[in-house]
Structure formats: C-alpha cells, structure tokens
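Asker: Once you've had a glance at the structure underneath, I'll fire off some questions.
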Amino acid sequence: MAMGGADTRPLAVSMGDPAGIGPEIIAKAWAARDVHALPPFFAIGDQRAIERVWHGPVARIGTPDEASAAFPHALPVFAVSDAGEITPGRPDVDGARCAMQSLELAVSLTQAGAACGLVTGPVSKAQLYSIGFSHPGQTEFVSDRCGVAHENTVMMLAGPTLRVVPITTHVPLSDVRGLLTIDLVLAKARVTARGLKRNFGIERPRLAFAGLNPHAGEGGALGHEEIDILEPAIAMLRDEGIDAVGPMAADTMFHARARAAYDAAICCYHDQALIPLKTLHFDEGVNMTLGLPVVRTSPDHGTAFPIAGTNVAEPGAMIAAIRMAWQAAIRRMLCDPA
C-alpha cells in the first residue's frame with residue numbers, strides 16, 4: 001500500500017511504562033517486521049528499557065527523519081530523559097515520568113507531521129496519577145492535546161472480526177444510566193460512522209446498537225432506556241442517512257452470523273463492549289481513537305508487570321496496532337490529500 005505522502009513518514013511509538021511489557025513487544029514487533037510487512041516506525045522512550053529485555057540491534061536517532069533509513073537494520077529509538085533505575089516488573093515514579101515524556105513527545109511529533117501516526121504503549125495509570133496526571137487515560141490526554149472535546153472522540157476497540165465502541169467508558173456501572181443521553185449517543189455514533197469511513201475505507205458504515213438492559217428492555221418490562229434514549233437516537237441517525245439498527249439484545253449480537261451484519265457495535269458501557277472483543281481477539285485487539293486530527297492506535301492490553309522481563313509477552317496486539325495505524329494513515333492521505 002505504499003503510495004507516497006503518508007508512507008514516507010514513520011510511525012511514532014511511545015514505549016509506555018519502561019517497567020512494563022511495552023519495550024519488549026515493540027522490540028518483538030520490529031523483529032517481526034518482514035513477516036508482517038510492517039512499515040517504518042521508531043520507539044520513543046529510554047533506550048535502556050529495551051536493552052534490559054532484548055538483545056537485538058538498536059539505532060539511536062536524533063530526528064524522526066532518520067528512522068526510515070535505520071529501520072531495515074535496527075530498531076530506531078528516539079530517546080527521552082533518563083528513567084532512573086529500570087527493573088522490569090517494578091514500576092516507579094521515574095518510570096512514570098519517562099512514560100509521560102514519551103507520550104507527550106510522540107503526540108507532538110505526530111501533530112507536527114514528523115510522524116504519520118501515533119501508537120501508544122501501555123502505561124500504569126496508578127503511577128501516572130502519582131505524578132499529577134489528571135486524565136482518565138491516554139485517549140483523553142491525546143484528545144486534549146489535539147484540542148478535541150472528549151464527547152467528540154470515540155474509543156473503538158477493533159479485531160479481525162469485530163469492532164466495538166463503548167458510549168460510556170471508564171466510569172462506574174452505577175453512573176452509566178445518568179450519563180446515557182440522546183445527545184451523547186448521537187455524538188458517539190456520528191464520530192464512529194465518520195471514523196469507519198475515513199480510517200477503514202467503509203463507504204456506508206453499518207452500526208448496530210446494544211440495549212442497556214437484558215433483552216434490550218423487553219419492550220419496557222425490563223427498563224425504559226431503550227425506549228427513551230436509544231430508539232429516538234437511532235431514528236435520528238437514520239434520518240441523517242446513517243445505517244443504524246437496534247437496540248439489540250446484547251447477549252445475541254456477538255455471534256458470528258450477527259457480527260457479519262454490522263461494521264461496528266455501539267455499546268452502552270465499557271464491559272459490554274470489551275468483554276466480547278477481548279474474548280474473540282485478546283492477543284490482537286487494537287484501541288483506535290476516532291475523531292482526532294491524527295491517527296492514534298494502541299494495543300488493547302495493559303502493562304502486564306508480572307510477566308515483564310520474562311520474554312513471554314506476545315507482540316500480536318502491538319503488531320496489529322502498528323498495521324492499523326499505518327493503513328489508516330494511508331487511507332486518510334488518499335481521502336484528504338494535502
């Protein structure tokens with residue numbers, strides 16, 4: 001798919017917490033670059049974090065422009081300040097600061113056009129909170145840095161046979177009913193439809209909505225959120241020309257035949273979306289933020305501190321995140337040429 005423009009710039013990959021599995025899976029992704037036809041990318045973080053867990057070739061670069069030339073022979077690393085004493089599996093404050101600097105630099109380089117897209121490695125929110133990080137997660141941080149309101153971005157989780165979008169994300173289940181509104185459903189659905197077209201090349205996206213209650217409310221017998229919120233929103237989306245169906249019973253919309261009928265499932269809360277995605281695609285799930293002016297993906301898993309440094313971390317989700325970011329960057333280039 002190399003077509004010039006976006007393909008001449010590498011992807012920026014922030015390492016995440018240096019004590020987690022981020023450095024290892026980035027290195028393993030580079031080692032598998034030929035097998036998976038991966039595009040040039042460079043890691044951002046403390047070079048020693050990779051050297052602690054991997055003995056392959058590393059090329060320290062001074063600018064993103066150097067990454068593509070180095071990539072065939074070594075993993076390019078754009079270094080940030082020293083992360084202190086790095087011990088895989090033992091996160092600390094210095095590592096959190098390094099992860100924060102890596103993320104900030106990766107976003108800045110992507111915004112400036114030095115990288116064609118951004119892939120973020122897994123971080124420890126607990127460690128980030130200890131140094132003053134005030135966002136619910138990396139998604140919200142990137143959104144703020146890009147100047148996009150949170151309600152105008154979407155966290156999509158994608159695997160080979162399923163894409164899901166939670167309307168509400170990292171909130172207690174008891175808060176979901178109060179947050180679920182017609183306006184929020186409309187905002188998330190519109191961003192999803194545009195994102196499927198722009199990032200995945202789906203000309204007429206098909207959206208399927210999961211009901212909040214068992215059996216999608218059973219006509220009001222088991223709850224009225226479907227009648228009061230979801231059904232009016234779906235009707236409005238159809239009037240706008242968006243192919244939207246539902247609300248559907250969540251327990252019957254994720255089997256193979258059901259998945260073939262839609263391009264993304266819009267779910268009411270976090271676990272309703274992520275349980276089926278992680279059940280089907282645990283080792284290859286990708287988190288993509290829709291609605292941003294830049295491409296951003298992330299492997300859909302955490303830091304996995306208990307296995308960090310043991311050489312057992314699977315790089316499948318990182319490889320998938322790199323591939324998805326690259327493909328989205330090319331599609332955007334073709335849709336929005338400079």
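Labels for the structure tokens follow display order: chains A, B, ..., residues from 1 in each chain, ligands from 1.
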Write out as an MDAnalysis selection string which residues come within 8 Å of stretch 110-113 of chain A when counting only C-alpha atoms, dropping same-chain ones fewer than 6 positions away.
Answerer: chainID A and resid 12 146 294
Asker: Mind writing the picked residues with N, CA and C atoms as a compact mmCIF listing (two decimals), in the first residue's frame?
Answerer:
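This went into result.txt:
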```txt
# COMPACT_ATOMS: atom_id res chain seq x y z
N ALA A 12 5.27 6.97 15.02
CA ALA A 12 5.86 7.20 16.34
C ALA A 12 5.21 6.24 17.34
N CYS A 146 -4.83 17.47 21.23
CA CYS A 146 -5.27 17.77 19.86
C CYS A 146 -6.39 18.80 19.82
N VAL A 294 -5.26 13.39 14.07
CA VAL A 294 -4.13 12.49 13.82
C VAL A 294 -4.61 11.06 14.01
```
Asker: Run DSSP on the backbone of this structure and report the residues of stretch 121-311 of chain A it assigns to strand (DSSP E), as a VMD selection string.
Answerer: chain A and resid 154 to 158 163 to 166 206 to 210 243 to 248 264 to 267 286 to 290 296 to 299
Asker: Write out the residues from the selection above, keeping C-alpha atoms, as a CSV table (one decimal), in the first residue's frame.
Answerer:
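Heads up, here's the output in result02.csv:
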```csv
chain,number,residue,atom,x,y,z
A,154,VAL,CA,-14.6,7.7,20.3
A,155,MET,CA,-12.6,4.8,21.8
A,156,MET,CA,-13.0,2.0,19.3
A,157,LEU,CA,-11.7,-1.5,20.0
A,158,ALA,CA,-11.0,-3.5,16.9
A,163,ARG,CA,-15.2,-3.6,16.2
A,164,VAL,CA,-16.9,-2.2,19.3
A,165,VAL,CA,-17.5,1.3,20.7
A,166,PRO,CA,-18.5,1.9,24.3
A,206,ARG,CA,-23.4,-0.2,9.4
A,207,LEU,CA,-23.9,0.5,13.1
A,208,ALA,CA,-25.6,-1.9,15.5
A,209,PHE,CA,-26.7,-0.7,18.9
A,210,ALA,CA,-26.7,-2.9,22.0
A,243,ASP,CA,-27.3,2.9,8.6
A,244,ALA,CA,-28.2,2.2,12.3
A,245,VAL,CA,-30.1,-0.7,13.7
A,246,GLY,CA,-31.2,-1.7,17.2
A,247,PRO,CA,-31.3,-1.6,20.1
A,248,MET,CA,-30.5,-5.2,20.1
A,264,ALA,CA,-19.3,-1.7,14.5
A,265,ALA,CA,-21.3,-2.5,17.6
A,266,ILE,CA,-22.2,0.6,19.7
A,267,CYS,CA,-22.4,-0.5,23.3
A,286,VAL,CA,-6.4,-2.6,18.9
A,287,ASN,CA,-7.6,0.5,20.6
A,288,MET,CA,-8.1,3.3,18.0
A,289,THR,CA,-9.2,6.8,18.9
A,290,LEU,CA,-11.7,8.2,16.3
A,296,ARG,CA,-3.8,7.1,17.1
A,297,THR,CA,-3.8,3.4,18.0
A,298,SER,CA,-2.7,1.3,21.0
A,299,PRO,CA,-2.6,-2.4,21.8
```
Asker: Report, in Å to a single decimal, how far apart atom CA of A:Thr120 and atom CA of A:Val295 are.
Answerer: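 Rounded to one decimal, the two atoms are 10.9 Å apart.
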Asker: Give me every alpha helix (DSSP H) residue in stretch 15-176 of chain A, going by DSSP on the backbone, as an NGL selection string.
Answerer: :A and (22-31 or 47-51 or 67-70 or 93-111 or 125-130 or 138-145 or 173-176)
Asker: Restricting the calculation to only C-alpha atoms, which member of A:Ile322, A:Gly95, A:Gln138, A:Ala261 is positioned closest to A:Phe42?
Answerer: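 Selected residue with least distance to A:Phe42: A:Ile322.
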Asker: Just the residues within 10 Å of A:Glu51, please, counting only C-alpha atoms, with nothing from its chain fewer than 6 positions along; format it as a JSON list (two decimals) with all heavy atoms, in the first residue's frame.
Answerer:
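Final file, out-v3.json:
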```json
[["chain", "number", "residue", "atom", "x", "y", "z"],
["A", 23, "PRO", "N", 8.34, -2.04, 26.10],
["A", 23, "PRO", "CA", 9.61, -2.15, 25.40],
["A", 23, "PRO", "C", 9.81, -3.51, 24.71],
["A", 23, "PRO", "O", 10.31, -3.59, 23.58],
["A", 23, "PRO", "CB", 10.65, -1.94, 26.50],
["A", 23, "PRO", "CG", 9.93, -1.08, 27.51],
["A", 23, "PRO", "CD", 8.53, -1.58, 27.50],
["A", 24, "GLU", "N", 9.39, -4.57, 25.37],
["A", 24, "GLU", "CA", 9.57, -5.91, 24.80],
["A", 24, "GLU", "C", 8.71, -6.13, 23.56],
["A", 24, "GLU", "O", 9.19, -6.65, 22.54],
["A", 24, "GLU", "CB", 9.23, -6.98, 25.85],
["A", 24, "GLU", "CG", 9.37, -8.40, 25.33],
["A", 24, "GLU", "CD", 9.00, -9.45, 26.38],
["A", 24, "GLU", "OE1", 9.13, -9.15, 27.59],
["A", 24, "GLU", "OE2", 8.61, -10.56, 25.98],
["A", 27, "ALA", "N", 10.04, -4.16, 20.58],
["A", 27, "ALA", "CA", 11.22, -4.81, 20.01],
["A", 27, "ALA", "C", 10.84, -6.05, 19.22],
["A", 27, "ALA", "O", 11.35, -6.30, 18.12],
["A", 27, "ALA", "CB", 12.20, -5.16, 21.13],
["A", 57, "PRO", "N", 19.51, -5.36, 17.62],
["A", 57, "PRO", "CA", 20.16, -4.08, 17.28],
["A", 57, "PRO", "C", 19.25, -2.88, 17.52],
["A", 57, "PRO", "O", 18.06, -2.92, 17.22],
["A", 57, "PRO", "CB", 20.46, -4.24, 15.78],
["A", 57, "PRO", "CG", 19.43, -5.21, 15.29],
["A", 57, "PRO", "CD", 19.21, -6.17, 16.42],
["A", 58, "VAL", "N", 19.81, -1.84, 18.08],
["A", 58, "VAL", "CA", 19.10, -0.60, 18.36],
["A", 58, "VAL", "C", 19.88, 0.55, 17.74],
["A", 58, "VAL", "O", 21.11, 0.60, 17.85],
["A", 58, "VAL", "CB", 18.94, -0.36, 19.88],
["A", 58, "VAL", "CG1", 18.33, 1.01, 20.16],
["A", 58, "VAL", "CG2", 18.09, -1.47, 20.50]]
```
Asker: In Å, how far is it from atom CA of A:Asp271 to atom CA of A:Ile26?
Answerer: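 Distance reported for this atom pair: 27.1 Å.
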Asker: I'd like the contact shell of A:Gln47 - 12 Å cut-off, only C-alpha atoms, skipping same-chain residues fewer than 6 positions apart - returned as a PyMOL selection string.
Answerer: chain A and resi 14-15+18+23-24+26-27+53-55+57-61+75-84+86+98+102
Asker: Quick one: distance from atom CA of A:Asn199 to atom CA of A:Cys268 in Å, one decimal?
Answerer: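 Atom-to-atom, atom CA of A:Asn199 to atom CA of A:Cys268, that is 22.8 Å.
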Asker: Write out as number ranges by chain the residues lying within 8 Å of A:Leu105, counting only C-alpha atoms and excluding same-chain residues fewer than 4 positions away.
Answerer: A: 44, 101, 109
Asker: Any idea what's packed within 10 Å of A:Arg323, counting only C-alpha atoms, ignoring anything in its chain fewer than 5 positions away? Could you give it as a list in words?
Answerer: Leu11, His36, Ala37, Leu38, Pro39, Val119, Val286, Thr297, Ala317, Met318, Ala328 and Ala329 of chain A
Asker: Would you write out those residues with C-alpha atoms, as a PDB file, in the first residue's frame?
Answerer:
```pdb
ATOM      1  CA  LEU A  11       5.056   5.942  12.846  1.00  0.00           C
ATOM      2  CA  HIS A  36       4.151  -8.931   8.971  1.00  0.00           C
ATOM      3  CA  ALA A  37       5.184  -6.348   6.350  1.00  0.00           C
ATOM      4  CA  LEU A  38       5.333  -3.601   8.963  1.00  0.00           C
ATOM      5  CA  PRO A  39       6.055  -0.007   7.941  1.00  0.00           C
ATOM      6  CA  VAL A 119       0.918   4.220  18.532  1.00  0.00           C
ATOM      7  CA  VAL A 286      -6.395  -2.642  18.940  1.00  0.00           C
ATOM      8  CA  THR A 297      -3.842   3.404  17.994  1.00  0.00           C
ATOM      9  CA  ALA A 317      -1.623  -6.594  19.610  1.00  0.00           C
ATOM     10  CA  MET A 318       1.301  -4.187  19.108  1.00  0.00           C
ATOM     11  CA  ALA A 328      -5.440   4.422   8.449  1.00  0.00           C
ATOM     12  CA  ALA A 329      -2.713   6.963   7.664  1.00  0.00           C
TER      13      ALA A 329
END
```
Asker: Within 7 Å of A:Pro88, counting only C-alpha atoms, which residues qualify if same-chain residues fewer than 3 places away don't, as a list of chain:residue names?
Answerer: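 Listed by chain and then number, they are A:Ala19, A:Gly20, A:Ala308, A:Gly309.
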Asker: Okay, now the selection with all heavy atoms, as an mmCIF file, in the first residue's frame?
Answerer:
```
data_model
loop_
_atom_site.group_PDB
_atom_site.id
_atom_site.type_symbol
_atom_site.label_atom_id
_atom_site.label_comp_id
_atom_site.auth_asym_id
_atom_site.auth_seq_id
_atom_site.Cartn_x
_atom_site.Cartn_y
_atom_site.Cartn_z
ATOM 1 N N ALA A 19 8.919 -0.175 32.797
ATOM 2 C CA ALA A 19 8.962 -1.403 33.580
ATOM 3 C C ALA A 19 7.920 -2.415 33.142
ATOM 4 O O ALA A 19 7.881 -3.537 33.664
ATOM 5 C CB ALA A 19 8.777 -1.095 35.067
ATOM 6 N N GLY A 20 7.078 -2.037 32.190
ATOM 7 C CA GLY A 20 6.054 -2.941 31.680
ATOM 8 C C GLY A 20 6.530 -3.702 30.454
ATOM 9 O O GLY A 20 7.720 -3.720 30.117
ATOM 10 N N ALA A 308 6.653 -8.886 32.816
ATOM 11 C CA ALA A 308 7.667 -8.021 32.200
ATOM 12 C C ALA A 308 9.060 -8.573 32.474
ATOM 13 O O ALA A 308 9.377 -8.975 33.592
ATOM 14 C CB ALA A 308 7.554 -6.597 32.744
ATOM 15 N N GLY A 309 9.878 -8.603 31.437
ATOM 16 C CA GLY A 309 11.244 -9.079 31.579
ATOM 17 C C GLY A 309 11.408 -10.581 31.514
ATOM 18 O O GLY A 309 12.526 -11.085 31.653
#
```
